[in-house]
>>> print(open('work_31.txt').read())   # compact mmCIF, N, CA and C atoms and all ligand atoms
# COMPACT_ATOMS: atom_id res chain seq x y z
N MET F 1 -7.15 -19.70 10.48
CA MET F 1 -7.09 -19.83 9.03
C MET F 1 -5.72 -19.33 8.54
N THR F 2 -5.10 -20.11 7.69
CA THR F 2 -3.84 -19.67 7.10
C THR F 2 -4.12 -18.97 5.78
N THR F 3 -3.50 -17.84 5.57
CA THR F 3 -3.69 -17.13 4.31
C THR F 3 -2.50 -17.39 3.38
N TYR F 4 -2.75 -17.30 2.11
CA TYR F 4 -1.69 -17.58 1.13
C TYR F 4 -0.52 -16.62 1.29
N TYR F 5 -0.86 -15.34 1.46
CA TYR F 5 0.16 -14.33 1.76
C TYR F 5 0.01 -13.89 3.21
N LYS F 6 1.12 -13.67 3.87
CA LYS F 6 1.05 -13.15 5.24
C LYS F 6 0.44 -11.75 5.23
N HIS F 7 0.88 -10.94 4.27
CA HIS F 7 0.30 -9.61 4.09
C HIS F 7 0.08 -9.41 2.59
N HIS F 8 -1.14 -9.00 2.24
CA HIS F 8 -1.45 -8.71 0.83
C HIS F 8 -1.84 -7.24 0.77
N VAL F 9 -1.04 -6.48 0.02
CA VAL F 9 -1.17 -5.02 0.03
C VAL F 9 -1.70 -4.53 -1.32
N PHE F 10 -2.75 -3.72 -1.29
CA PHE F 10 -3.32 -3.15 -2.50
C PHE F 10 -3.17 -1.64 -2.48
N PHE F 11 -2.51 -1.12 -3.51
CA PHE F 11 -2.40 0.33 -3.71
C PHE F 11 -3.47 0.74 -4.72
N CYS F 12 -4.28 1.73 -4.40
CA CYS F 12 -5.16 2.30 -5.41
C CYS F 12 -4.28 3.06 -6.39
N CYS F 13 -4.36 2.71 -7.66
CA CYS F 13 -3.59 3.40 -8.71
C CYS F 13 -4.52 4.00 -9.75
N ASN F 14 -5.74 4.27 -9.31
CA ASN F 14 -6.75 4.79 -10.24
C ASN F 14 -6.36 6.17 -10.76
N GLN F 15 -6.56 6.35 -12.06
CA GLN F 15 -6.25 7.63 -12.71
C GLN F 15 -7.52 8.26 -13.26
N ARG F 16 -7.77 9.50 -12.86
CA ARG F 16 -8.87 10.26 -13.44
C ARG F 16 -8.32 11.56 -13.99
N GLU F 17 -9.07 12.17 -14.89
CA GLU F 17 -8.68 13.46 -15.43
C GLU F 17 -8.87 14.54 -14.36
N ALA F 18 -7.88 15.44 -14.23
CA ALA F 18 -8.03 16.57 -13.33
C ALA F 18 -9.24 17.38 -13.79
N PRO F 19 -10.03 18.01 -12.93
CA PRO F 19 -9.76 18.19 -11.50
C PRO F 19 -10.34 17.10 -10.62
N ASP F 20 -10.80 15.97 -11.19
CA ASP F 20 -11.37 14.91 -10.36
C ASP F 20 -10.29 14.29 -9.47
N THR F 21 -10.68 13.93 -8.28
CA THR F 21 -9.76 13.36 -7.31
C THR F 21 -9.41 11.92 -7.67
N CYS F 22 -8.13 11.60 -7.59
CA CYS F 22 -7.72 10.20 -7.73
C CYS F 22 -6.35 10.01 -7.11
N CYS F 23 -6.09 8.76 -6.71
CA CYS F 23 -4.84 8.47 -6.01
C CYS F 23 -3.62 8.62 -6.91
N ASN F 24 -3.79 8.36 -8.20
CA ASN F 24 -2.62 8.39 -9.06
C ASN F 24 -2.08 9.80 -9.28
N ASN F 25 -2.91 10.81 -9.05
CA ASN F 25 -2.40 12.18 -9.14
C ASN F 25 -1.55 12.54 -7.93
N HIS F 26 -1.41 11.62 -6.99
CA HIS F 26 -0.55 11.80 -5.82
C HIS F 26 0.62 10.81 -5.85
N GLY F 27 0.95 10.32 -7.01
CA GLY F 27 2.13 9.47 -7.15
C GLY F 27 1.96 8.02 -6.72
N ALA F 28 0.73 7.53 -6.70
CA ALA F 28 0.48 6.18 -6.19
C ALA F 28 1.19 5.10 -7.00
N SER F 29 1.17 5.21 -8.33
CA SER F 29 1.78 4.14 -9.14
C SER F 29 3.29 4.03 -8.91
N ALA F 30 3.95 5.19 -8.86
CA ALA F 30 5.41 5.18 -8.64
C ALA F 30 5.75 4.58 -7.27
N LEU F 31 4.95 4.90 -6.26
CA LEU F 31 5.25 4.39 -4.92
C LEU F 31 4.83 2.92 -4.78
N GLN F 32 3.86 2.48 -5.57
CA GLN F 32 3.54 1.04 -5.59
C GLN F 32 4.72 0.27 -6.17
N THR F 33 5.29 0.79 -7.25
CA THR F 33 6.46 0.15 -7.86
C THR F 33 7.62 0.13 -6.87
N TYR F 34 7.82 1.25 -6.19
CA TYR F 34 8.89 1.31 -5.19
C TYR F 34 8.68 0.26 -4.09
N ALA F 35 7.45 0.15 -3.59
CA ALA F 35 7.16 -0.82 -2.52
C ALA F 35 7.44 -2.24 -3.00
N LYS F 36 7.03 -2.53 -4.22
CA LYS F 36 7.23 -3.88 -4.78
C LYS F 36 8.73 -4.19 -4.88
N GLU F 37 9.50 -3.21 -5.35
CA GLU F 37 10.95 -3.40 -5.47
C GLU F 37 11.60 -3.60 -4.10
N GLN F 38 11.15 -2.84 -3.12
CA GLN F 38 11.73 -2.96 -1.78
C GLN F 38 11.44 -4.33 -1.17
N ILE F 39 10.21 -4.79 -1.33
CA ILE F 39 9.83 -6.10 -0.78
C ILE F 39 10.65 -7.21 -1.43
N LYS F 40 10.87 -7.07 -2.72
CA LYS F 40 11.68 -8.06 -3.44
C LYS F 40 13.13 -8.00 -2.95
N ALA F 41 13.66 -6.79 -2.84
CA ALA F 41 15.05 -6.62 -2.40
C ALA F 41 15.28 -7.16 -1.00
N LEU F 42 14.24 -7.08 -0.17
CA LEU F 42 14.34 -7.58 1.20
C LEU F 42 14.12 -9.10 1.28
N GLY F 43 13.81 -9.72 0.15
CA GLY F 43 13.58 -11.16 0.13
C GLY F 43 12.27 -11.55 0.79
N LEU F 44 11.28 -10.63 0.73
CA LEU F 44 10.01 -10.86 1.43
C LEU F 44 8.85 -11.15 0.50
N SER F 45 9.11 -11.31 -0.81
CA SER F 45 7.99 -11.54 -1.73
C SER F 45 7.73 -13.03 -1.92
N GLY F 46 6.47 -13.35 -2.22
CA GLY F 46 6.12 -14.73 -2.53
C GLY F 46 5.17 -15.34 -1.53
N ALA F 47 4.81 -16.60 -1.80
CA ALA F 47 3.85 -17.31 -0.96
C ALA F 47 4.30 -17.33 0.49
N GLY F 48 3.37 -17.12 1.39
CA GLY F 48 3.68 -17.13 2.82
C GLY F 48 4.32 -15.84 3.29
N GLN F 49 4.57 -14.93 2.34
CA GLN F 49 5.21 -13.67 2.70
C GLN F 49 4.34 -12.49 2.28
N ILE F 50 4.87 -11.61 1.43
CA ILE F 50 4.17 -10.36 1.15
C ILE F 50 3.96 -10.19 -0.35
N ARG F 51 2.77 -9.70 -0.70
CA ARG F 51 2.45 -9.41 -2.10
C ARG F 51 1.97 -7.96 -2.19
N ILE F 52 2.55 -7.23 -3.15
CA ILE F 52 2.17 -5.83 -3.38
C ILE F 52 1.45 -5.74 -4.72
N ASN F 53 0.19 -5.36 -4.71
CA ASN F 53 -0.59 -5.28 -5.95
C ASN F 53 -1.13 -3.88 -6.23
N LYS F 54 -1.35 -3.62 -7.53
CA LYS F 54 -2.07 -2.41 -7.94
C LYS F 54 -3.56 -2.72 -7.89
N ALA F 55 -4.34 -1.71 -7.58
CA ALA F 55 -5.80 -1.88 -7.62
C ALA F 55 -6.41 -0.68 -8.31
N GLY F 56 -7.64 -0.86 -8.75
CA GLY F 56 -8.44 0.27 -9.22
C GLY F 56 -8.95 1.03 -8.02
N CYS F 57 -9.92 1.91 -8.26
CA CYS F 57 -10.44 2.73 -7.16
C CYS F 57 -10.93 1.86 -6.02
N LEU F 58 -10.49 2.19 -4.82
CA LEU F 58 -10.88 1.45 -3.62
C LEU F 58 -12.01 2.14 -2.87
N GLY F 59 -12.53 3.20 -3.46
CA GLY F 59 -13.71 3.84 -2.88
C GLY F 59 -13.43 4.82 -1.75
N ARG F 60 -12.17 5.19 -1.56
CA ARG F 60 -11.83 6.15 -0.50
C ARG F 60 -11.02 7.31 -1.10
N CYS F 61 -11.47 7.80 -2.22
CA CYS F 61 -10.73 8.81 -3.00
C CYS F 61 -10.39 10.06 -2.18
N ASP F 62 -11.32 10.50 -1.32
CA ASP F 62 -11.07 11.72 -0.55
C ASP F 62 -10.00 11.52 0.52
N ASP F 63 -9.66 10.29 0.83
CA ASP F 63 -8.60 10.00 1.81
C ASP F 63 -7.28 9.68 1.13
N GLY F 64 -7.26 9.72 -0.20
CA GLY F 64 -6.12 9.23 -0.96
C GLY F 64 -4.90 10.13 -0.95
N PRO F 65 -3.78 9.56 -1.37
CA PRO F 65 -3.66 8.21 -1.88
C PRO F 65 -3.79 7.19 -0.74
N VAL F 66 -4.39 6.05 -1.07
CA VAL F 66 -4.60 5.02 -0.04
C VAL F 66 -4.05 3.67 -0.50
N LEU F 67 -3.67 2.90 0.52
CA LEU F 67 -3.38 1.47 0.32
C LEU F 67 -4.06 0.75 1.47
N VAL F 68 -4.29 -0.56 1.26
CA VAL F 68 -4.89 -1.35 2.33
C VAL F 68 -4.11 -2.65 2.46
N VAL F 69 -3.88 -3.05 3.72
CA VAL F 69 -3.12 -4.26 4.03
C VAL F 69 -4.10 -5.32 4.54
N TYR F 70 -4.14 -6.46 3.86
CA TYR F 70 -4.95 -7.60 4.31
C TYR F 70 -4.03 -8.70 4.80
N PRO F 71 -4.44 -9.58 5.72
CA PRO F 71 -5.82 -9.76 6.16
C PRO F 71 -6.29 -8.79 7.24
N GLU F 72 -5.42 -7.89 7.70
CA GLU F 72 -5.83 -7.03 8.81
C GLU F 72 -6.90 -6.01 8.42
N GLY F 73 -6.90 -5.59 7.14
CA GLY F 73 -7.82 -4.54 6.72
C GLY F 73 -7.40 -3.18 7.25
N THR F 74 -6.09 -2.96 7.33
CA THR F 74 -5.56 -1.67 7.81
C THR F 74 -5.32 -0.76 6.62
N TRP F 75 -5.88 0.45 6.69
CA TRP F 75 -5.74 1.44 5.61
C TRP F 75 -4.69 2.47 5.98
N TYR F 76 -3.89 2.83 4.96
CA TYR F 76 -2.89 3.88 5.16
C TYR F 76 -2.95 4.88 4.02
N THR F 77 -2.50 6.10 4.33
CA THR F 77 -2.16 7.04 3.28
C THR F 77 -0.64 7.21 3.30
N PHE F 78 -0.09 7.89 2.31
CA PHE F 78 1.37 8.02 2.20
C PHE F 78 1.67 9.20 1.30
N ILE F 79 2.87 9.76 1.49
CA ILE F 79 3.29 10.90 0.67
C ILE F 79 4.54 10.56 -0.13
N ASP F 80 5.47 9.87 0.52
CA ASP F 80 6.78 9.67 -0.12
C ASP F 80 7.37 8.31 0.22
N LYS F 81 8.60 8.10 -0.26
CA LYS F 81 9.27 6.81 -0.03
C LYS F 81 9.50 6.54 1.44
N GLU F 82 9.73 7.59 2.21
CA GLU F 82 9.94 7.40 3.66
C GLU F 82 8.70 6.81 4.31
N ASP F 83 7.52 7.25 3.87
CA ASP F 83 6.28 6.69 4.42
C ASP F 83 6.16 5.21 4.04
N ILE F 84 6.48 4.89 2.80
CA ILE F 84 6.41 3.49 2.37
C ILE F 84 7.42 2.64 3.15
N ASP F 85 8.63 3.16 3.33
CA ASP F 85 9.65 2.44 4.10
C ASP F 85 9.15 2.15 5.52
N GLU F 86 8.48 3.14 6.11
CA GLU F 86 8.00 2.96 7.49
C GLU F 86 6.89 1.90 7.55
N ILE F 87 5.98 1.92 6.58
CA ILE F 87 4.92 0.90 6.55
C ILE F 87 5.53 -0.49 6.36
N ILE F 88 6.53 -0.60 5.49
CA ILE F 88 7.18 -1.90 5.28
C ILE F 88 7.87 -2.36 6.57
N ARG F 89 8.68 -1.46 7.13
CA ARG F 89 9.47 -1.84 8.31
C ARG F 89 8.58 -2.14 9.51
N GLU F 90 7.67 -1.23 9.80
CA GLU F 90 6.88 -1.37 11.02
C GLU F 90 5.76 -2.40 10.89
N HIS F 91 4.91 -2.21 9.90
CA HIS F 91 3.74 -3.10 9.79
C HIS F 91 4.09 -4.45 9.15
N LEU F 92 4.68 -4.39 7.95
CA LEU F 92 4.84 -5.63 7.20
C LEU F 92 5.93 -6.53 7.79
N GLN F 93 6.98 -5.92 8.35
CA GLN F 93 8.05 -6.75 8.91
C GLN F 93 7.84 -7.05 10.39
N HIS F 94 7.27 -6.10 11.14
CA HIS F 94 7.19 -6.29 12.58
C HIS F 94 5.78 -6.29 13.16
N GLY F 95 4.77 -6.14 12.31
CA GLY F 95 3.39 -6.24 12.78
C GLY F 95 2.93 -5.09 13.64
N ARG F 96 3.61 -3.94 13.53
CA ARG F 96 3.23 -2.77 14.33
C ARG F 96 2.51 -1.76 13.44
N ILE F 97 1.30 -1.38 13.83
CA ILE F 97 0.52 -0.43 13.04
C ILE F 97 1.20 0.94 13.07
N VAL F 98 1.26 1.61 11.90
CA VAL F 98 1.83 2.96 11.82
C VAL F 98 0.68 3.95 12.00
N GLU F 99 0.46 4.34 13.24
CA GLU F 99 -0.73 5.15 13.58
C GLU F 99 -0.77 6.47 12.82
N ARG F 100 0.40 7.10 12.61
CA ARG F 100 0.39 8.43 12.00
C ARG F 100 -0.06 8.42 10.55
N LEU F 101 -0.01 7.27 9.89
CA LEU F 101 -0.41 7.17 8.48
C LEU F 101 -1.74 6.43 8.31
N LYS F 102 -2.33 6.00 9.40
CA LYS F 102 -3.57 5.22 9.33
C LYS F 102 -4.74 6.08 8.85
N ARG F 103 -5.64 5.49 8.05
CA ARG F 103 -6.85 6.17 7.59
C ARG F 103 -8.08 5.33 7.88
S1 LIG B 1 -9.16 6.94 -6.75
FE1 LIG B 1 -8.08 5.95 -5.12
S2 LIG B 1 -9.64 5.30 -3.76
FE2 LIG B 1 -10.72 6.16 -5.44
>>> encode(input="work_31.txt", output="structure tokens")
Amino acid sequence: MTTYYKHHVFFCCNQREAPDTCCNNHGASALQTYAKEQIKALGLSGAGQIRINKAGCLGRCDDGPVLVVYPEGTWYTFIDKEDIDEIIREHLQHGRIVERLKR
């Protein structure tokens, strides 16, 4: 089966009031924006390539912040831009799972 996007990435950007757990209290929205900009700058966005989307709660709040890459269904957590760069370089560009960030 051919998919419209080679990789479709969803960042949970759900925001809740503290002290409730949510991904956005760990910088998810800013890093989703960063990922989207990087994919565009690399010329990797669009049909047949990569799409970076925001999502509401993905149901894994205690593991957050989380993103999920489809069609593989690979879940990652992340802390900073270096983590996002590694996921882009290793998984999205070269198809290699980043084991240290997997959830
Ligand atoms: S708030 Fe991010 S998975 Fe629930």
>>> closest_residue(input="work_31.txt", among="F:Gly73, F:Pro65, F:Gly95, F:Gly43", to="ligand LIG 1 (chain B)", atoms="only C-alpha atoms and all ligand atoms")
F:Pro65
>>> closest_atom_pairs(input="work_31.txt", of="chain F", to="ligand LIG 1 (chain B)", cutoff="6 Å", atoms="only C-alpha atoms and all ligand atoms", output="CSV")
residue,atom,partner,partner_atom,distance
F:Cys12,CA,B:LIG1,FE1,4.7
F:Asn14,CA,B:LIG1,S1,4.8
F:Cys22,CA,B:LIG1,S1,3.7
F:Cys23,CA,B:LIG1,FE1,4.2
F:Cys57,CA,B:LIG1,FE2,3.8
F:Leu58,CA,B:LIG1,S2,4.0
F:Gly59,CA,B:LIG1,S2,4.4
F:Arg60,CA,B:LIG1,S2,4.0
F:Cys61,CA,B:LIG1,FE2,3.6
F:Gly64,CA,B:LIG1,FE1,5.6
F:Pro65,CA,B:LIG1,FE1,5.9
>>> atom_distance(input="work_31.txt", atom1="CA of Thr77 (chain F)", atom2="CA of Tyr4 (chain F)")
24.7 Å
>>> atom_distance(input="work_31.txt", atom1="CA of Asp85 (chain F)", atom2="CA of Tyr34 (chain F)")
9.4 Å
>>> closest_residue(input="work_31.txt", among="F:Ala30, F:Leu101, F:Ala47, F:Leu42", to="Tyr76 (chain F)", atoms="all atoms listed in the file")
F:Leu101
>>> select_by_dssp(input="work_31.txt", residues="region 64-103 of chain F", states="alpha helix (DSSP H)", output="MDAnalysis selection string")
chainID F and resid 81:86 94
>>> residues_near_point(input="work_31.txt", point="(0.6, 2.5, -7.5)", cutoff="6 Å", atoms="all atoms listed in the file", output="list in words")
Phe11, Cys12, Cys13, Gly27, Ala28, Ser29, Ala30, Leu31, Gln32, Thr33 and Lys54 of chain F
>>> residues_around(input="work_31.txt", residues="Lys6 (chain F)", least_positions_apart="5", cutoff="8 Å", atoms="all atoms listed in the file", output="short mmCIF file (atom, residue, chain, number, x, y, z; two decimals) with N, CA and C atoms, in the coordinates of the input")
data_model
loop_
_atom_site.label_atom_id
_atom_site.label_comp_id
_atom_site.auth_asym_id
_atom_site.auth_seq_id
_atom_site.Cartn_x
_atom_site.Cartn_y
_atom_site.Cartn_z
N GLY F 46 6.47 -13.35 -2.22
CA GLY F 46 6.12 -14.73 -2.53
C GLY F 46 5.17 -15.34 -1.53
N ALA F 47 4.81 -16.60 -1.80
CA ALA F 47 3.85 -17.31 -0.96
C ALA F 47 4.30 -17.33 0.49
N GLY F 48 3.37 -17.12 1.39
CA GLY F 48 3.68 -17.13 2.82
C GLY F 48 4.32 -15.84 3.29
N GLN F 49 4.57 -14.93 2.34
CA GLN F 49 5.21 -13.67 2.70
C GLN F 49 4.34 -12.49 2.28
N ILE F 50 4.87 -11.61 1.43
CA ILE F 50 4.17 -10.36 1.15
C ILE F 50 3.96 -10.19 -0.35
N ARG F 51 2.77 -9.70 -0.70
CA ARG F 51 2.45 -9.41 -2.10
C ARG F 51 1.97 -7.96 -2.19
N VAL F 69 -3.88 -3.05 3.72
CA VAL F 69 -3.12 -4.26 4.03
C VAL F 69 -4.10 -5.32 4.54
N TYR F 70 -4.14 -6.46 3.86
CA TYR F 70 -4.95 -7.60 4.31
C TYR F 70 -4.03 -8.70 4.80
N PRO F 71 -4.44 -9.58 5.72
CA PRO F 71 -5.82 -9.76 6.16
C PRO F 71 -6.29 -8.79 7.24
N GLU F 72 -5.42 -7.89 7.70
CA GLU F 72 -5.83 -7.03 8.81
C GLU F 72 -6.90 -6.01 8.42
N LEU F 92 4.68 -4.39 7.95
CA LEU F 92 4.84 -5.63 7.20
C LEU F 92 5.93 -6.53 7.79
#
>>> atom_distance(input="work_31.txt", atom1="CA of Asn53 (chain F)", atom2="atom N of Ala18 (chain F)")
23.5 Å
>>> residues_around(input="work_31.txt", residues="Ala35 (chain F)", least_positions_apart="5", cutoff="7 Å", atoms="all atoms listed in the file", output="VMD selection string")
chain F and resid 30 40 52 84
>>> closest_residue(input="work_31.txt", among="F:Met1, F:Ile39, F:Leu44, F:Ala55", to="Gln15 (chain F)", atoms="only C-alpha atoms")
F:Ala55
>>> closest_residue(input="work_31.txt", among="F:Glu37, F:Asp80, F:Phe10, F:Ser45", to="Val66 (chain F)", atoms="only N, CA and C atoms")
F:Phe10
